[in-house]
Every structure is written in structure tokens, then in C-alpha cells.
Number of protein chains: 4
Amino acid sequence: MLDGAAAVFARDGYEGASMSRIAAEAGVSKGTLYNYFAGKAELFSAYVHRDCSRTISLMLDDLARDETPECTLRRLGRRIIEVSLSAEGLAMYRMVIAEAEKFPELAATFYAAGPARAIRHLSDWIGDMCAQGRLRVDDADFAAEQIFGLMQTRLCIQRRLGLIDGASESEIDRVVDGAVTVFMRAYGV
Amino acid sequence: MLDGAAAVFARDGYEGASMSRIAAEAGVSKGTLYNYFAGKAELFSAYVHRDCSRTISLMLDDLARDETPECTLRRLGRRIIEVSLSAEGLAMYRMVIAEAEKFPELAATFYAAGPARAIRHLSDWIGDMCAQGRLRVDDADFAAEQIFGLMQTRLCIQRRLGLIDGASESEIDRVVDGAVTVFMRAYGV
Amino acid sequence: MLDGAAAVFARDGYEGASMSRIAAEAGVSKGTLYNYFAGKAELFSAYVHRDCSRTISLMLDDLARDETPECTLRRLGRRIIEVSLSAEGLAMYRMVIAEAEKFPELAATFYAAGPARAIRHLSDWIGDMCAQGRLRVDDADFAAEQIFGLMQTRLCIQRRLGLIDGASESEIDRVVDGAVTVFMRAYGV
Amino acid sequence: MLDGAAAVFARDGYEGASMSRIAAEAGVSKGTLYNYFAGKAELFSAYVHRDCSRTISLMLDDLARDETPECTLRRLGRRIIEVSLSAEGLAMYRMVIAEAEKFPELAATFYAAGPARAIRHLSDWIGDMCAQGRLRVDDADFAAEQIFGLMQTRLCIQRRLGLIDGASESEIDRVVDGAVTVFMRAYGV
DNA sequence: GATGAATGAGGGTTCATTCAT
DNA sequence: AATGAATGAACCCTCATTCAT
């Protein structure tokens, strides 16, 4: 049922989605939908809560640390970009942004599950690197956000606007390499 | 009439806006609205076309170049952030992102009027600086996008998610200074 | 349009009536209904306001006074009963009673247009009769209400419960005569 | 289970009540409700049948006769008014009146349990009084209905319309005394 | 015997759109 | 050129009812 909601919400957005279509997509009756969720808003909320972390957490799984700083940055950067470009990540971003005024709590959830987690992860890692004398950073949080910003360049912007449908490995690498280069020049020892 | 549309679309989004409310806001009848615009989609399109450049072009006006590179970067960076945080800029971004699938042409228009213009401007400036030997940059376009990305950090992300309602001068300066510092360390001579 | 509402409300009651049926009965679309009335409640209110006085005011028109007290009482009594037994009067009574909690204002309107008017009329007339020395009444208002109560006997009660569908002239006369007899014995000089 | 139905029906009326709320109020599942009652109509019917006499029979209990006629009339009159003003009596009256068309049998039940019983009781008593030479009445049934009508004055009407929420002892006494006075003047020896 | 998940028809309401005036 | 009355499809949601467990 949440899967049906996911499909329709992702395709039509919150306002554009109709409970009828969601019910049809889920293979249940409208009545059943309302037996499980108090209304459209609650269904939307449940869907975002479930898929937010599910989708975005792919970003941070299995990130080993025993590598060179550049390697770690590259791997994480690629993940960030891949998630941002994925159909699910894109749909989630669009909907949460569009309905942020109406569902402030969902926006907070999205931020915590996605950007905030990635940034915190990066920040911790930067702290480690500094302690090991491999980076020189004053404000680790801020530097982490900068990496994040550098990754959201070109591809992510254009994808969100529907100007591109995806990106090749080499295009992603180009962005990642550029970001890592800038970062290391700025903060490397 | 487009002013009425602007007010309602910005407040309610595309799906949430109703032709009735727009007509009321504009002080004309629904019939008149339809005499000038074929339908809601076309009205939306006309509104975005007009306000896109109008809002976003504030970003680039009066940007003199006879300063130090840091000064120029700072001024432009502040502009970018201010527009992104402004009510109009935010509303436009949300709507265009949300409806990018349905109105691909509007997304292209938005991109051209906003990010693309800023990036081209930056790119040209970077070319000049390189010619003057004050910067060392291989791919000027890419570097320009990186500046843009570094500016969209922290404040812009949170604003789009409704987590903050604005930012103080000093918060903006913090982001701008951080971005300029990283950029100059990476690309300064 | 109010005529359609009247027909459906009278037949199905407020809760039982549907805007669809009213629209069909009125020969307009549901949309048109909502162009004229903000909602079901307002339509109901408009209908009651219009038909309340329209229906009930038949009760008091053309009541000349230059007769014997008995004659006047009889004529008015017959009117009260006739209205109470009429299809319109009955439907109005049922609906207003049923929805009094939800539409207190309508109940007040109904009371003012119907019972209160009849009672005030009677009270004034009783005052005149006392001044002429033809009746001896302490509390004219109260005596008026008593006449009203005496008229609502047997036929009205049974009609409201659907136990009878109407009454013959002689049945009405029986109630009226009984009421007038009791009243005159109690208050006549 | 009938208690739950009683609470909800009395509060929301027949149309306004929902089987879900009744089940919740009764603390059973909707399925169970349908195991015991064929549907909403039958449940309503069962509720009215049970509570009709239960509520209204308070009217006639403990009415001793060994008093003066005025005393007896007063006691019975007070009872009639009290029941009519009570929350239960009022709710029952409203519902039965509103749904009389749809549930003619219930209206008959209500009439038999309430007004008819009171009237028959009064009629019998009037017969006794006549036999004892303390009253002079031609048509005992009709006179009984007149007493009933005289009691339903002022307070009952206004209560049914929601114009008042109850009445003080003295207000009730006023109505009762007035009714008894009229009746005794009309029919006393 | 009791449950509660499932249904689908219908509820009131909104809305983009049309068209005669 | 401007209007506003009219439409009907679609909206979200509620409900009486059924039935496998």
C-alpha cells in the first residue's frame, strides 16, 4: 500500500496525486486506504518517513575509512551524487521541497535523514583526519557542508530541473574529482 | 493580471492555485482570464517567464569588475544567496522544481535565467582573471559552477526546506567568506 | 433552485437530502448550486428562511375581528390546525425540530414566524376582548399559549407522527369547538 | 450494545449516527453489531422500542389517586412536562418525529408508549371522577387530550426548538397551575 | 460467537473550462 | 473586450455492509 503511494506520489507529486489512483495502484479499495491512514496527508507522511531514510541511507552504508582521504571523499561524493540523481531521490527531493511549507515536519525529517546525516558523517571524518594531521580544518561542520555543496554541482542541479535524465560514470567522476581537488587544495596539509 | 497570478502561484504553488483565486486577486473575471490565457498551464508559463528573469536578474546587476578578485566573488556570492533566500526566489525555485516534469520548458527557462547566467558570468570573469594572471584555472565553466555550489551551502538548503525563514548578514558573510577562501586557496596564484 | 431544495428537504430531511438530488430536482448542475449557496447548510438555511414565513403566514392573513369571540377563535384555530396538518407545515416542523441543535438560528426563525406570531396575535386580541369586557384574563400571553396548546391536540400530534395523513373538516371542527368551549368556560365573562 | 446505540442516536440522530461510532461507544466490533442486528434500521428500531417505554413510562409510575382532582392533575402534569423537557425525552421525540415517514411503526410505538398511555390514564381517571360526581365531562378521551395539550404549552415547544435548555420548578408550576385552573373551570362541577 | 479487514457507493465540495450575453 | 453563470468531472472522505478468520 505504501508502495502504491510511493509510485503515485513520486509520479504526480503530493497535490497531483489522488487517493483513487493510489488505491488502484496499490490494488486495494479507497475504503481500505482510509482504514489504514487517516487521510491523504497522513499517507504522504507515512510514505516520506519510510522512504526517506530507506532511499537516502544508501548514501552512507559501507563507507570504510582505511584509505587515503581522497579515496574516502571520492566514494562518499559518488554516493551523494548517485542518490541525488536516482529517480527515488529526485522525486523525494522535489516533493519535500514543494510541500515544505505544508509539511514542515517532513522537511525536517528529510533534512535529518539526508543532508544532515551526510554532513555529520563527513564532519566526523574530517575531525579524524585533522587529528591524524592529514587535514587542517577550523570548522569541520562547515567544511563538510562545503564538500556537500561541491558535489551538488552541475549534474544535481540539472537533474532536478529535468534537463538531464541521468549521468554517465565519467560525468560523475568529473564532478567528484573536481570537488575533491578543490577541497584538498583548500584543506589538505 | 500576471501580478495576481504571481501572488497566488507563489503562495499556493501550481496545483494548489485556483483560477478563481487568481481572477479575484487580479480583480478581473474568470472569463477575462481565459480571454488572455488559454488555460492554467499557459498562465503559469507566462508568469514564470516574466518573473523568472525579473527576480533572478537582480543577481547580476551592477557587478563592477575593477576590484580585487575576492571582492568581486564576495559581492556576487552575496547576491546569489540573497536571491535564493528571498521569498520570490524561493517560491520560484520550489514551483519550477516541483513542476519540472510537467513543464520542462519552464525549467529550462529558469535554469537559463538563473544558474546558467550566473555561471556564465562567473566563467567570463574567471577567464579575465586568468588572462590577468590572478587566477589559475583549467576549466573556467566548471570552476564557476563550483563557486555556485559553494554558495548554496547551509542557508540555501535549509531555507528551501523551510527550516529557516531567512538569514542575518553575518550568517551570509560566513558562507560567502568560507566559499571565497576555499576557492582562492584552490585556484589563486 | 430553492424549490428543488424545498422538495428534497421536505421529502428526505436535512441529513437525508443530498446535494446531487437537489441539483437534479432543480434541473441544474451541482456546480451551479454551489455558485449560489456556499454549502448544504446555507442552502438549507435559505430554504427555511424563505418557506418558513411563506408557509406559516397563511395562518394569520385576513383574520377580521368584528365577530363574536367564539367566531374569531374558531377561525384562527382552524388556521393553526390546517397549517400544522399541511404537507409543508409538517415537513418544516419536522426538519426544524430535528436540526434545532445544529441550526439554532433556524429554530428561532421558525418559532418567531409561527407559534410566536400566532400567540402574539391571540394575545393582542385577548387584550381587546378584556378591554371590551367580553373576556376576563389575567395573563393574556399565557392564555394565548393555552389556546394554541388546545388546538395542537389529537390531530396535530398524530399527524406529526405519521399516524394520520390529514383530517376531515368535521374532525378539525371537533378539536376547534372543544378548544373554544374550554377556553370560553375558563375565561368568558 | 443498545446502550451505545442510545448514546449515539440520541446525540447524532438517526441519519447522523454511524455504525462505527455506535460500535466504538458500545465497546464491540462492527461485526458483532451486525451479528445481533440486521442493519442500522433494525438497531434503531430495537433502541427505540426499548427506550421509548423505558423513558416515557416514568410519566405514569406511582400516580396514586386518593387525592383531590387538582392534586392528581398537577402531579401528572408535572410528570408529562418533566419527561418532555428531559434530554432523553427530547431526543426521542426529535428522532421519532424526524424519521416518522421512514419508520412508521416506531412512531406508532412512541405514540402508544407515551401520549396514548398518558391520555388513556387521564381518560380513565376522568371517568372515575365523573362517576364520583367531581367532574362533568362528555367525552373523557377528548378532555384527556386537552389536558395533555394544555401541558405542552410554552416550555415544551421552546425546548423542542432548542430555545431553552430546561425550566425551573416555578416555571413548570406556572404551566401546570394554568392548565389545571382552565381544566377545572371548564369541567369542574 | 466475535472479530476487523475489505469494500464500493455515495457524501459534500472544488475547479478548470465554456459560452451566451 | 469583459463578464459571470453554468457545467461536470474529479477531488477527499465516510459509511453501511460483508465475510474469512
# chains A, B, ... in the order shown; residues from 1 in each chain; ligands from 1
call {"tool": "interface_residues", "arguments": {"of": "chain A", "to": "chain E", "cutoff": "8 Å", "atoms": "only C-alpha atoms (C1' of nucleotides)", "output": "VMD selection string"}}
result
chain A and resid 29 31 to 32
call {"tool": "write_last_selection", "arguments": {"atoms": "C-alpha atoms", "output": "compact mmCIF listing (two decimals), in the first residue's frame"}}
result
# COMPACT_ATOMS: atom_id res chain seq x y z
CA SER A 29 -10.14 -0.06 -2.46
CA GLY A 31 -12.01 2.47 1.79
CA THR A 32 -9.15 0.20 2.73
call {"tool": "closest_atom_pairs", "arguments": {"of": "chain D", "to": "chain F", "cutoff": "8 Å", "atoms": "only C-alpha atoms (C1' of nucleotides)", "output": "JSON lines"}}
result
{"residue": "D:Ser18", "atom": "CA", "partner": "F:DC15", "partner_atom": "C1'", "distance": 7.1}
{"residue": "D:Met19", "atom": "CA", "partner": "F:DA16", "partner_atom": "C1'", "distance": 7.3}
{"residue": "D:Gly39", "atom": "CA", "partner": "F:DA16", "partner_atom": "C1'", "distance": 7.8}
{"residue": "D:Lys40", "atom": "CA", "partner": "F:DA16", "partner_atom": "C1'", "distance": 7.6}
call {"tool": "interface_residues", "arguments": {"of": "chain A", "to": "chain B", "cutoff": "6 Å", "atoms": "only C-alpha atoms", "output": "MDAnalysis selection string"}}
result
chainID A and resid 94 97:98 100 107 146 149:150 153 161:162 182 185:186
call {"tool": "residues_around", "arguments": {"residues": "Val189 in chain D", "least_positions_apart": "2", "cutoff": "8 Å", "atoms": "only C-alpha atoms (C1' of nucleotides)", "output": "ChimeraX atom specification"}}
result
/D:133-136,187
call {"tool": "closest_atom_pairs", "arguments": {"of": "range 4-76 of chain A", "to": "range 81-88 of chain A", "cutoff": "7 Å", "atoms": "only C-alpha atoms", "output": "JSON lines"}}
result
{"residue": "A:Thr55", "atom": "CA", "partner": "A:Glu88", "partner_atom": "CA", "distance": 6.8}
{"residue": "A:Ile56", "atom": "CA", "partner": "A:Val83", "partner_atom": "CA", "distance": 6.7}
{"residue": "A:Met59", "atom": "CA", "partner": "A:Val83", "partner_atom": "CA", "distance": 6.6}
call {"tool": "atom_distance", "arguments": {"atom1": "CA of Ser170 in chain B", "atom2": "CA of Arg78 in chain B"}}
result
10.9 Å
call {"tool": "select_by_dssp", "arguments": {"residues": "range 49-118 of chain B", "states": "helix (DSSP H, G or I)", "output": "PyMOL selection string"}}
result
chain B and resi 49-59+69-85+87-98+104-118
call {"tool": "write_last_selection", "arguments": {"atoms": "C-alpha atoms", "output": "PDB file, in the first residue's frame"}}
result
ATOM      1  CA  HIS B  49       8.615  33.520 -17.979  1.00  0.00           C
ATOM      2  CA  ARG B  50       8.063  37.025 -16.787  1.00  0.00           C
ATOM      3  CA  ASP B  51       9.088  36.693 -13.161  1.00  0.00           C
ATOM      4  CA  CYS B  52      11.951  34.299 -13.619  1.00  0.00           C
ATOM      5  CA  SER B  53      14.355  36.745 -15.155  1.00  0.00           C
ATOM      6  CA  ARG B  54      12.815  39.655 -13.263  1.00  0.00           C
ATOM      7  CA  THR B  55      13.512  38.068  -9.911  1.00  0.00           C
ATOM      8  CA  ILE B  56      16.742  36.361 -10.672  1.00  0.00           C
ATOM      9  CA  SER B  57      18.333  39.085 -12.709  1.00  0.00           C
ATOM     10  CA  LEU B  58      18.785  41.085  -9.546  1.00  0.00           C
ATOM     11  CA  MET B  59      21.609  38.696  -9.009  1.00  0.00           C
ATOM     12  CA  PRO B  69      39.060  39.020  -7.109  1.00  0.00           C
ATOM     13  CA  GLU B  70      37.952  38.353  -3.540  1.00  0.00           C
ATOM     14  CA  CYS B  71      35.795  41.469  -3.535  1.00  0.00           C
ATOM     15  CA  THR B  72      34.072  40.551  -6.753  1.00  0.00           C
ATOM     16  CA  LEU B  73      33.454  36.996  -5.634  1.00  0.00           C
ATOM     17  CA  ARG B  74      32.061  38.192  -2.364  1.00  0.00           C
ATOM     18  CA  ARG B  75      29.627  40.603  -3.951  1.00  0.00           C
ATOM     19  CA  LEU B  76      28.376  38.066  -6.424  1.00  0.00           C
ATOM     20  CA  GLY B  77      28.141  35.336  -3.815  1.00  0.00           C
ATOM     21  CA  ARG B  78      26.077  37.514  -1.548  1.00  0.00           C
ATOM     22  CA  ARG B  79      23.714  38.246  -4.402  1.00  0.00           C
ATOM     23  CA  ILE B  80      23.282  34.599  -5.222  1.00  0.00           C
ATOM     24  CA  ILE B  81      22.477  33.754  -1.635  1.00  0.00           C
ATOM     25  CA  GLU B  82      20.160  36.713  -1.152  1.00  0.00           C
ATOM     26  CA  VAL B  83      18.114  35.773  -4.176  1.00  0.00           C
ATOM     27  CA  SER B  84      17.967  32.149  -3.079  1.00  0.00           C
ATOM     28  CA  LEU B  85      16.733  33.191   0.331  1.00  0.00           C
ATOM     29  CA  ALA B  87      10.544  34.888  -0.814  1.00  0.00           C
ATOM     30  CA  GLU B  88      10.227  35.282  -4.578  1.00  0.00           C
ATOM     31  CA  GLY B  89      13.347  33.322  -5.402  1.00  0.00           C
ATOM     32  CA  LEU B  90      12.338  30.543  -3.052  1.00  0.00           C
ATOM     33  CA  ALA B  91       8.806  30.307  -4.384  1.00  0.00           C
ATOM     34  CA  MET B  92      10.053  30.237  -7.945  1.00  0.00           C
ATOM     35  CA  TYR B  93      12.586  27.543  -7.180  1.00  0.00           C
ATOM     36  CA  ARG B  94      10.027  25.368  -5.437  1.00  0.00           C
ATOM     37  CA  MET B  95       7.469  25.634  -8.182  1.00  0.00           C
ATOM     38  CA  VAL B  96       9.849  25.085 -11.044  1.00  0.00           C
ATOM     39  CA  ILE B  97      11.406  22.083  -9.337  1.00  0.00           C
ATOM     40  CA  ALA B  98       8.026  20.629  -8.463  1.00  0.00           C
ATOM     41  CA  PRO B 104      10.168  21.100 -18.966  1.00  0.00           C
ATOM     42  CA  GLU B 105      10.390  24.300 -20.914  1.00  0.00           C
ATOM     43  CA  LEU B 106       9.906  26.367 -17.785  1.00  0.00           C
ATOM     44  CA  ALA B 107      12.659  24.517 -16.023  1.00  0.00           C
ATOM     45  CA  ALA B 108      14.944  25.307 -18.932  1.00  0.00           C
ATOM     46  CA  THR B 109      13.907  28.945 -18.801  1.00  0.00           C
ATOM     47  CA  PHE B 110      14.551  29.071 -15.096  1.00  0.00           C
ATOM     48  CA  TYR B 111      17.927  27.462 -15.477  1.00  0.00           C
ATOM     49  CA  ALA B 112      18.922  29.825 -18.250  1.00  0.00           C
ATOM     50  CA  ALA B 113      17.747  32.917 -16.415  1.00  0.00           C
ATOM     51  CA  GLY B 114      19.275  31.953 -13.086  1.00  0.00           C
ATOM     52  CA  PRO B 115      22.048  29.450 -12.543  1.00  0.00           C
ATOM     53  CA  ALA B 116      23.238  29.424 -16.138  1.00  0.00           C
ATOM     54  CA  ARG B 117      23.521  33.187 -16.286  1.00  0.00           C
ATOM     55  CA  ALA B 118      25.343  33.404 -13.002  1.00  0.00           C
TER      56      ALA B 118
END
call {"tool": "atom_distance", "arguments": {"atom1": "CA of Asp141 in chain D", "atom2": "CA of Leu122 in chain C"}}
result
26.6 Å
call {"tool": "atom_distance", "arguments": {"atom1": "CA of Ala131 in chain D", "atom2": "CA of Val180 in chain C"}}
result
25.2 Å
call {"tool": "residues_around", "arguments": {"residues": "Tyr36 in chain A", "least_positions_apart": "6", "cutoff": "10 Å", "atoms": "only C-alpha atoms (C1' of nucleotides)", "output": "ChimeraX atom specification"}}
result
/A:1,42-43 /E:5
call {"tool": "write_last_selection", "arguments": {"atoms": "C-alpha atoms (C1' of nucleotides)", "output": "compact mmCIF listing (two decimals), in the first residue's frame"}}
result
# COMPACT_ATOMS: atom_id res chain seq x y z
CA MET A 1 0.00 0.00 0.00
CA GLU A 42 -1.03 11.10 6.82
CA LEU A 43 -0.44 8.68 3.98
C1' DA E 5 -10.12 -6.05 7.24
